[in-house]
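Read the structure below first, then the notes.
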Amino acid sequence: MGFSLLALVTPIFCKANNNNNINSHSLDASYIRRAAEIADKSAGFTSPHPNFGCVIVSAAGKVAGEGYLYAQGTKPAEVLAVAAAAEQCKGATAYLNMEPGDCYGDRAAVSALVQAGITRVVVGIRHPLQHLRGNAIRALRSEELQVDVLGEDLQSKTIEEALKSCLLVNAPLLYRAASRVPFAVLKYAMTLDGKIAASSGHAWWISSKKSRSRVFELRGKSDAIIVGGNTVRRDNPQLTARHGGGHVPMRIVLSQTLNLPEEANLWDTADVPTIVATQRGARKSFQKFLASKGVEVVEFDILNPKDVMEYLYDRGYLSILWECGGTLAASAISSGVIHKVYAFVAPKIIGGKNAPSPVGELGMVEMTQALELIDVCYEQIGPDMLISGFLHPVPDLTPVIPSVEETSAIDPSVTAYESSIIFFYKTWDPYGAFSNFSPHAIQMPCESGNYLTWPSVEHYYQAHKFVGVNDPVARNCVEDIRSAKSPEEAARMGRTMQRQHPDLVRSDWESVKIDVMYKALKCKFSIYPHLNSMLLSTAGSVLVEASPHDLFWGGGREGEGLNYLGRLLMQLRSEFLGESSSSSNKISITHQERENELKNA
Ligand SMILES: NC(=O)C1=CN([C@@H]2O[C@H](COP(=O)(O)OP(=O)(O)OC[C@H]3O[C@@H](n4cnc5c(N)ncnc54)[C@H](OP(=O)(O)O)[C@@H]3O)[C@@H](O)[C@H]2O)C=CC1
Ligand SMILES: Nc1c(N[C@@H]2O[C@H](COP(=O)(O)O)[C@@H](O)[C@H]2O)[nH]c(=O)[nH]c1=O
């Protein structure tokens with residue numbers, strides 16, 4: 001009888017192999033889930049960057065180091081994890097929930113892993129932005145590291161679940177990349193009989209204190225919170241994240257009529273900024289009043305959720321929490337801009353034929369038309385039940401992703417893309433390293449002549465508003481800004497202080513601020529060779545900071561901005577190229593000249 005040794009051996013071999021796979025897959029999956037879990041710790045802070053986490057598992061199979069991106073412009077997760085694992089990196093495996101972005105051309109994450117002696121990298125998802133996608137994976141492979149991507153090199157049910165946790169932790173970025181609006185969550189608290197207020201409109205409180213603390217956490221992970229005018233009139237909300245998390249979202253009111261109270265918690269912008277979005281031409285005198293309170297007013301031709309969300313996309317927001325009543329919620333759902341729902345259900349009955357419900361008129365007449373949530377979760381919080389789920393699935397990695405052209409022109413309506421204009425704005429743009437938020441530390445001489453290190457140009461610029469002012473508060477402020485954990489925090493501190501204490505701003509600020517910026521930029525582009533090459537490589541192109549709202553440093557929405565950041569970079573470029581002997585004085589302008597330029601722009 002014919003006898004095949006292979007026939008005997010193969011099944012046994014395959015079984016052992018399968019078991020090994022199952023074991024190694026479940027280990028890989030659990031470490032990837034851990035990377036996603038720690039990445040989520042800074043949700044809200046990293047915006048507009050993704051949430052990155054890195055777990056290093058030593059050759060002996062122990063977790064040797066962990067790190068996550070704390071905020072935009074801070075050290076990459078991989079660099080932190082490698083530092084924590086130190087010697088144990090040799091022969092270790094690094095688990096990353098997302099492929100690193102390498103926004104700054106310095107390959108910091110890739111270099112850290114390679115130089116530390118990591119031999120295998122497991123990646124949850126590829127970077128969703130096309131110009132960054134696959135670059136780090138290719139770079140690691142070219143350095144002979146084994147790179148396994150979930151769903152590509154590793155496939156199984158366990159791996160699929162781990163992949164989902166990576167998609168969830170960066171859902172805002174994935175939705176943003178796929179649909180060109182920020183990720184939006186509608187949250188409401190309702191009684192068991194489906195009311196969000198009594199028929200009088202009184203709503204405090206439906207959900208328990210524990211549930212409301214959870215809402216503060218949700219707020220802390222969002223870039224902005226939206227309510228409608230009626231909620232402001234009825235509730236006078238604060239809309240702050242009061243759980244001690246640190247991140248402060250913008251507050252946004254949508255009001256067509258602008259028939260809003262003069263006294264409102266939201267008009268106190270000392271600590272938290274507010275935007276009021278309204279219809280073009282609505283109550284001009286009230287618009288002026290709001291502006292005098294430091295509230296930013298944005299006019300829309302026709303105020304509607306879709307246009308507001310597209311505008312917020314242009315401003316770089318990743319995630320928005322809608323905390324409005326049913327009228328606005330219905331309008332937002334019908335426009336397709338709500339992706340996820342959080343419903344806190346309290347075991348209370350209030351009744352009332354006219355008591356409002358969480359979602360107003362959607363025009364549906366048959367139950368078969370009802371919108372069904374997917375990936376629904378149920379969680380008991382104190383006495384309440386939190387039911388959450390998605391209205392639209394989290395996009396996978398093959399959706400419509402902005403092309404290089406689209407991402408470099410942050411707002412395509414500003415100016416049509418032209419090859420002779422290079423736009424930069426967010427640090428993740430192809431030329432994002434030109435942004436003052438890029439994490440390139442600079443060493444600058446201080447008043448005593450010694451050199452001080454500043455974590456970014458933004459830190460240096462913001463702090464210099466208060467340098468030389470003979471007041472202990474101003475001196476502390478300079479130090480506090482210098483040690484701010486991220487450029488975003490430095491900017492917020494500098495702007496808040498300037499708004500709240502204009503008396504502490506140095507008297508010559510308007511006339512010296514361009515020189516301050518010039519010196520900082522000159523240092524940045526002199527000490528980092530790859531930044532210098534990047535700048536020189538743009539020779540012949542016009543550089544424009546595509547900020548739609550900073551009309552001094554940026555280009556504005558329709559080219560109405562003065563674009564001083566772009567101009568300074570072009571001046572530096574020509575100085576580096578030796579084509580010009582001009583100095584910073586050439587473009588220094590007086591306050592009066594600037595006023596004139598603004599008027600003529
Ligand atoms: N329990 C809960 O979770 C919550 C309860 N509430 C309660 O809900 C009630 C308010 O509900 P409701 O009036 O529905 O909520 P909102 O005020 O949140 O939304 C309606 C208002 O939004 C403004 N708006 C702007 N654009 C639009 C648009 N395209 N479509 C619709 N509205 C737009 C209008 O303001 P304007 O009139 O100024 O032009 C409109 O009156 C209050 O009693 C409040 O206490 C509110 C939020 C959450
Ligand atoms: N009534 C109600 C909510 N209402 C929402 O919270 C807002 C008030 O926020 P703040 O002023 O910051 O405390 C209010 O305007 C409305 O948007 N939320 C809940 O979690 N549970 C509740 O029972």
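We label chains A, B, ... in the order they appear in the structure tokens, count residues from 1 in each chain, and number ligands from 1 in the order shown.
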
Item to check | Non-local contacts of Phe52 of chain A (6 Å; only C-alpha atoms; under 6 positions in same chain excluded) as a ChimeraX atom specification | outcome: /A:39,68-69

Per-residue nearest contacts chain A to ligand 1, cut-off 6 Å, using only C-alpha atoms and all ligand atoms, as JSON lines:
```
{"residue": "A:Tyr188", "atom": "CA", "partner": "ligand 1", "partner_atom_place_in_ligand_line": "3 (O)", "distance": 3.5}
{"residue": "A:Ala189", "atom": "CA", "partner": "ligand 1", "partner_atom_place_in_ligand_line": "3 (O)", "distance": 3.9}
{"residue": "A:Met190", "atom": "CA", "partner": "ligand 1", "partner_atom_place_in_ligand_line": "1 (N)", "distance": 5.5}
{"residue": "A:Ile196", "atom": "CA", "partner": "ligand 1", "partner_atom_place_in_ligand_line": "1 (N)", "distance": 3.8}
{"residue": "A:Ala197", "atom": "CA", "partner": "ligand 1", "partner_atom_place_in_ligand_line": "43 (O)", "distance": 5.2}
{"residue": "A:Gly201", "atom": "CA", "partner": "ligand 1", "partner_atom_place_in_ligand_line": "43 (O)", "distance": 3.6}
{"residue": "A:His202", "atom": "CA", "partner": "ligand 1", "partner_atom_place_in_ligand_line": "45 (O)", "distance": 5.6}
{"residue": "A:Ala203", "atom": "CA", "partner": "ligand 1", "partner_atom_place_in_ligand_line": "45 (O)", "distance": 4.8}
{"residue": "A:Val227", "atom": "CA", "partner": "ligand 1", "partner_atom_place_in_ligand_line": "18 (O)", "distance": 4.6}
{"residue": "A:Gly228", "atom": "CA", "partner": "ligand 1", "partner_atom_place_in_ligand_line": "22 (O)", "distance": 3.3}
{"residue": "A:Gly229", "atom": "CA", "partner": "ligand 1", "partner_atom_place_in_ligand_line": "38 (O)", "distance": 3.5}
{"residue": "A:Asn230", "atom": "CA", "partner": "ligand 1", "partner_atom_place_in_ligand_line": "17 (O)", "distance": 3.1}
{"residue": "A:Thr231", "atom": "CA", "partner": "ligand 1", "partner_atom_place_in_ligand_line": "17 (O)", "distance": 3.8}
{"residue": "A:Arg234", "atom": "CA", "partner": "ligand 1", "partner_atom_place_in_ligand_line": "42 (C)", "distance": 5.5}
{"residue": "A:Asp235", "atom": "CA", "partner": "ligand 1", "partner_atom_place_in_ligand_line": "45 (O)", "distance": 5.3}
{"residue": "A:Leu254", "atom": "CA", "partner": "ligand 1", "partner_atom_place_in_ligand_line": "25 (C)", "distance": 4.5}
{"residue": "A:Ser255", "atom": "CA", "partner": "ligand 1", "partner_atom_place_in_ligand_line": "38 (O)", "distance": 3.7}
{"residue": "A:Gln256", "atom": "CA", "partner": "ligand 1", "partner_atom_place_in_ligand_line": "39 (O)", "distance": 3.5}
{"residue": "A:Thr257", "atom": "CA", "partner": "ligand 1", "partner_atom_place_in_ligand_line": "39 (O)", "distance": 4.0}
{"residue": "A:Leu258", "atom": "CA", "partner": "ligand 1", "partner_atom_place_in_ligand_line": "38 (O)", "distance": 5.2}
{"residue": "A:Asn259", "atom": "CA", "partner": "ligand 1", "partner_atom_place_in_ligand_line": "38 (O)", "distance": 5.5}
{"residue": "A:Leu303", "atom": "CA", "partner": "ligand 1", "partner_atom_place_in_ligand_line": "26 (N)", "distance": 5.5}
{"residue": "A:Asn304", "atom": "CA", "partner": "ligand 1", "partner_atom_place_in_ligand_line": "29 (N)", "distance": 4.1}
{"residue": "A:Pro305", "atom": "CA", "partner": "ligand 1", "partner_atom_place_in_ligand_line": "29 (N)", "distance": 5.9}
{"residue": "A:Glu323", "atom": "CA", "partner": "ligand 1", "partner_atom_place_in_ligand_line": "48 (C)", "distance": 5.2}
{"residue": "A:Cys324", "atom": "CA", "partner": "ligand 1", "partner_atom_place_in_ligand_line": "18 (O)", "distance": 3.5}
{"residue": "A:Gly325", "atom": "CA", "partner": "ligand 1", "partner_atom_place_in_ligand_line": "15 (O)", "distance": 3.2}
{"residue": "A:Gly326", "atom": "CA", "partner": "ligand 1", "partner_atom_place_in_ligand_line": "14 (O)", "distance": 3.9}
{"residue": "A:Thr327", "atom": "CA", "partner": "ligand 1", "partner_atom_place_in_ligand_line": "14 (O)", "distance": 3.6}
{"residue": "A:Leu328", "atom": "CA", "partner": "ligand 1", "partner_atom_place_in_ligand_line": "31 (C)", "distance": 4.0}
{"residue": "A:Ser331", "atom": "CA", "partner": "ligand 1", "partner_atom_place_in_ligand_line": "30 (N)", "distance": 5.1}
```

What parts of segment 125-287 of chain A does DSSP call alpha helix (DSSP H)? I'd like the answer as a VMD selection string. chain A and resid 135 to 142 157 to 169 171 to 179 209 to 220 229 to 235 284 to 287

Limited to N, CA and C atoms, could you put the picked residues into a file as a compact mmCIF listing (two decimals), in the first residue's frame?
```txt
# COMPACT_ATOMS: atom_id res chain seq x y z
N ASN A 135 4.74 55.21 4.34
CA ASN A 135 6.14 55.69 4.34
C ASN A 135 6.95 55.07 5.47
N ALA A 136 6.39 55.10 6.69
CA ALA A 136 7.14 54.59 7.84
C ALA A 136 7.30 53.07 7.73
N ILE A 137 6.26 52.41 7.24
CA ILE A 137 6.35 50.94 7.10
C ILE A 137 7.47 50.59 6.12
N ARG A 138 7.50 51.32 5.00
CA ARG A 138 8.57 51.07 4.00
C ARG A 138 9.93 51.36 4.61
N ALA A 139 10.03 52.46 5.36
CA ALA A 139 11.33 52.85 5.93
C ALA A 139 11.81 51.78 6.92
N LEU A 140 10.90 51.27 7.73
CA LEU A 140 11.29 50.24 8.71
C LEU A 140 11.73 48.96 7.99
N ARG A 141 10.97 48.60 6.95
CA ARG A 141 11.33 47.37 6.23
C ARG A 141 12.67 47.53 5.53
N SER A 142 12.94 48.74 5.03
CA SER A 142 14.21 48.92 4.34
C SER A 142 15.38 48.83 5.32
N LYS A 157 -9.64 36.09 13.53
CA LYS A 157 -10.76 36.75 14.21
C LYS A 157 -10.23 37.67 15.33
N THR A 158 -9.24 37.15 16.10
CA THR A 158 -8.68 37.94 17.22
C THR A 158 -8.01 39.21 16.69
N ILE A 159 -7.30 39.04 15.59
CA ILE A 159 -6.61 40.19 14.99
C ILE A 159 -7.63 41.21 14.52
N GLU A 160 -8.73 40.73 13.95
CA GLU A 160 -9.79 41.63 13.46
C GLU A 160 -10.33 42.50 14.60
N GLU A 161 -10.50 41.85 15.78
CA GLU A 161 -11.03 42.63 16.92
C GLU A 161 -10.02 43.69 17.38
N ALA A 162 -8.73 43.29 17.37
CA ALA A 162 -7.70 44.26 17.79
C ALA A 162 -7.65 45.42 16.80
N LEU A 163 -7.83 45.07 15.52
CA LEU A 163 -7.82 46.10 14.47
C LEU A 163 -8.94 47.11 14.73
N LYS A 164 -10.08 46.59 15.18
CA LYS A 164 -11.22 47.46 15.45
C LYS A 164 -10.88 48.48 16.54
N SER A 165 -10.14 48.03 17.57
CA SER A 165 -9.81 48.99 18.64
C SER A 165 -8.91 50.10 18.09
N CYS A 166 -8.08 49.77 17.09
CA CYS A 166 -7.23 50.81 16.48
C CYS A 166 -8.07 51.77 15.65
N LEU A 167 -9.08 51.24 14.97
CA LEU A 167 -9.95 52.11 14.17
C LEU A 167 -10.73 53.04 15.10
N LEU A 168 -11.21 52.47 16.22
CA LEU A 168 -12.03 53.28 17.13
C LEU A 168 -11.25 54.42 17.75
N VAL A 169 -10.01 54.13 18.16
CA VAL A 169 -9.26 55.16 18.89
C VAL A 169 -8.93 56.35 17.97
N ALA A 171 -11.02 57.07 15.30
CA ALA A 171 -12.22 57.27 14.48
C ALA A 171 -12.33 58.72 13.99
N PRO A 172 -12.08 59.73 14.84
CA PRO A 172 -12.21 61.11 14.35
C PRO A 172 -11.38 61.38 13.10
N LEU A 173 -10.13 60.92 13.11
CA LEU A 173 -9.27 61.18 11.96
C LEU A 173 -9.76 60.42 10.72
N LEU A 174 -10.22 59.18 10.95
CA LEU A 174 -10.68 58.37 9.82
C LEU A 174 -11.93 58.96 9.19
N TYR A 175 -12.88 59.41 10.02
CA TYR A 175 -14.08 60.04 9.48
C TYR A 175 -13.71 61.32 8.74
N ARG A 176 -12.83 62.09 9.37
CA ARG A 176 -12.41 63.37 8.77
C ARG A 176 -11.79 63.14 7.40
N ALA A 177 -10.89 62.11 7.35
CA ALA A 177 -10.21 61.84 6.09
C ALA A 177 -11.20 61.35 5.03
N ALA A 178 -12.22 60.59 5.49
CA ALA A 178 -13.13 60.00 4.52
C ALA A 178 -14.23 60.94 4.09
N SER A 179 -14.72 61.82 5.00
CA SER A 179 -15.93 62.56 4.65
C SER A 179 -15.75 64.07 4.64
N LYS A 209 -25.20 62.52 38.65
CA LYS A 209 -23.92 63.22 38.72
C LYS A 209 -22.81 62.39 38.03
N LYS A 210 -22.88 61.08 38.26
CA LYS A 210 -21.87 60.20 37.66
C LYS A 210 -21.92 60.29 36.14
N SER A 211 -23.14 60.29 35.60
CA SER A 211 -23.28 60.38 34.13
C SER A 211 -22.76 61.73 33.66
N ARG A 212 -23.04 62.77 34.44
CA ARG A 212 -22.61 64.10 34.00
C ARG A 212 -21.09 64.23 34.05
N SER A 213 -20.47 63.51 34.99
CA SER A 213 -19.00 63.51 35.00
C SER A 213 -18.48 62.85 33.74
N ARG A 214 -19.18 61.80 33.30
CA ARG A 214 -18.76 61.14 32.07
C ARG A 214 -18.86 62.11 30.89
N VAL A 215 -19.90 62.96 30.95
CA VAL A 215 -20.05 63.96 29.87
C VAL A 215 -18.85 64.92 29.87
N PHE A 216 -18.36 65.28 31.06
CA PHE A 216 -17.19 66.16 31.11
C PHE A 216 -16.00 65.49 30.39
N GLU A 217 -15.88 64.16 30.61
CA GLU A 217 -14.77 63.45 29.94
C GLU A 217 -14.95 63.49 28.42
N LEU A 218 -16.21 63.28 28.00
CA LEU A 218 -16.48 63.33 26.55
C LEU A 218 -16.13 64.70 25.99
N ARG A 219 -16.49 65.73 26.75
CA ARG A 219 -16.17 67.10 26.31
C ARG A 219 -14.66 67.26 26.18
N GLY A 220 -13.93 66.73 27.18
CA GLY A 220 -12.47 66.87 27.19
C GLY A 220 -11.81 66.19 26.00
N GLY A 229 -29.39 78.05 19.84
CA GLY A 229 -29.75 79.27 20.56
C GLY A 229 -30.76 79.04 21.67
N ASN A 230 -31.69 78.14 21.43
CA ASN A 230 -32.73 77.91 22.42
C ASN A 230 -32.16 77.31 23.71
N THR A 231 -31.17 76.44 23.56
CA THR A 231 -30.53 75.84 24.74
C THR A 231 -29.81 76.93 25.54
N VAL A 232 -29.24 77.90 24.85
CA VAL A 232 -28.59 79.00 25.57
C VAL A 232 -29.65 79.81 26.33
N ARG A 233 -30.75 80.11 25.66
CA ARG A 233 -31.81 80.90 26.32
C ARG A 233 -32.39 80.14 27.50
N ARG A 234 -32.57 78.83 27.32
CA ARG A 234 -33.27 78.04 28.34
C ARG A 234 -32.34 77.63 29.49
N ASP A 235 -31.13 77.12 29.15
CA ASP A 235 -30.27 76.49 30.17
C ASP A 235 -29.14 77.39 30.68
N LYS A 284 -26.75 93.00 13.75
CA LYS A 284 -25.36 93.50 13.71
C LYS A 284 -24.93 94.08 15.06
N SER A 285 -25.88 94.78 15.74
CA SER A 285 -25.49 95.42 17.00
C SER A 285 -25.15 94.35 18.04
N PHE A 286 -25.90 93.23 18.00
CA PHE A 286 -25.59 92.17 18.96
C PHE A 286 -24.26 91.49 18.59
N GLN A 287 -23.99 91.42 17.31
CA GLN A 287 -22.70 90.85 16.88
C GLN A 287 -21.56 91.68 17.48
```

Discussion item. For the structure I just gave you, how does DSSP split segment 200-298 of chain A - specifically, which residues are strand (DSSP E or B)? Reply as number ranges by chain.
Written reply: A: 224-228, 250-255, 274-279, 296-298

Margin query: I want to know what sits within 10 Å of Leu266 of chain A, based on only C-alpha atoms, with residues of the same chain fewer than 4 positions away left out; could you give that as a list in words?
Written below: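 Once the nearby chain positions are removed, what remains is Val232, Asn236, Pro237, Gln238, Leu239, Thr240, Arg251, Ile252, Val253, Val272, Pro273, Thr274, Ile275, Val276, Lys293 and Val295 of chain A.
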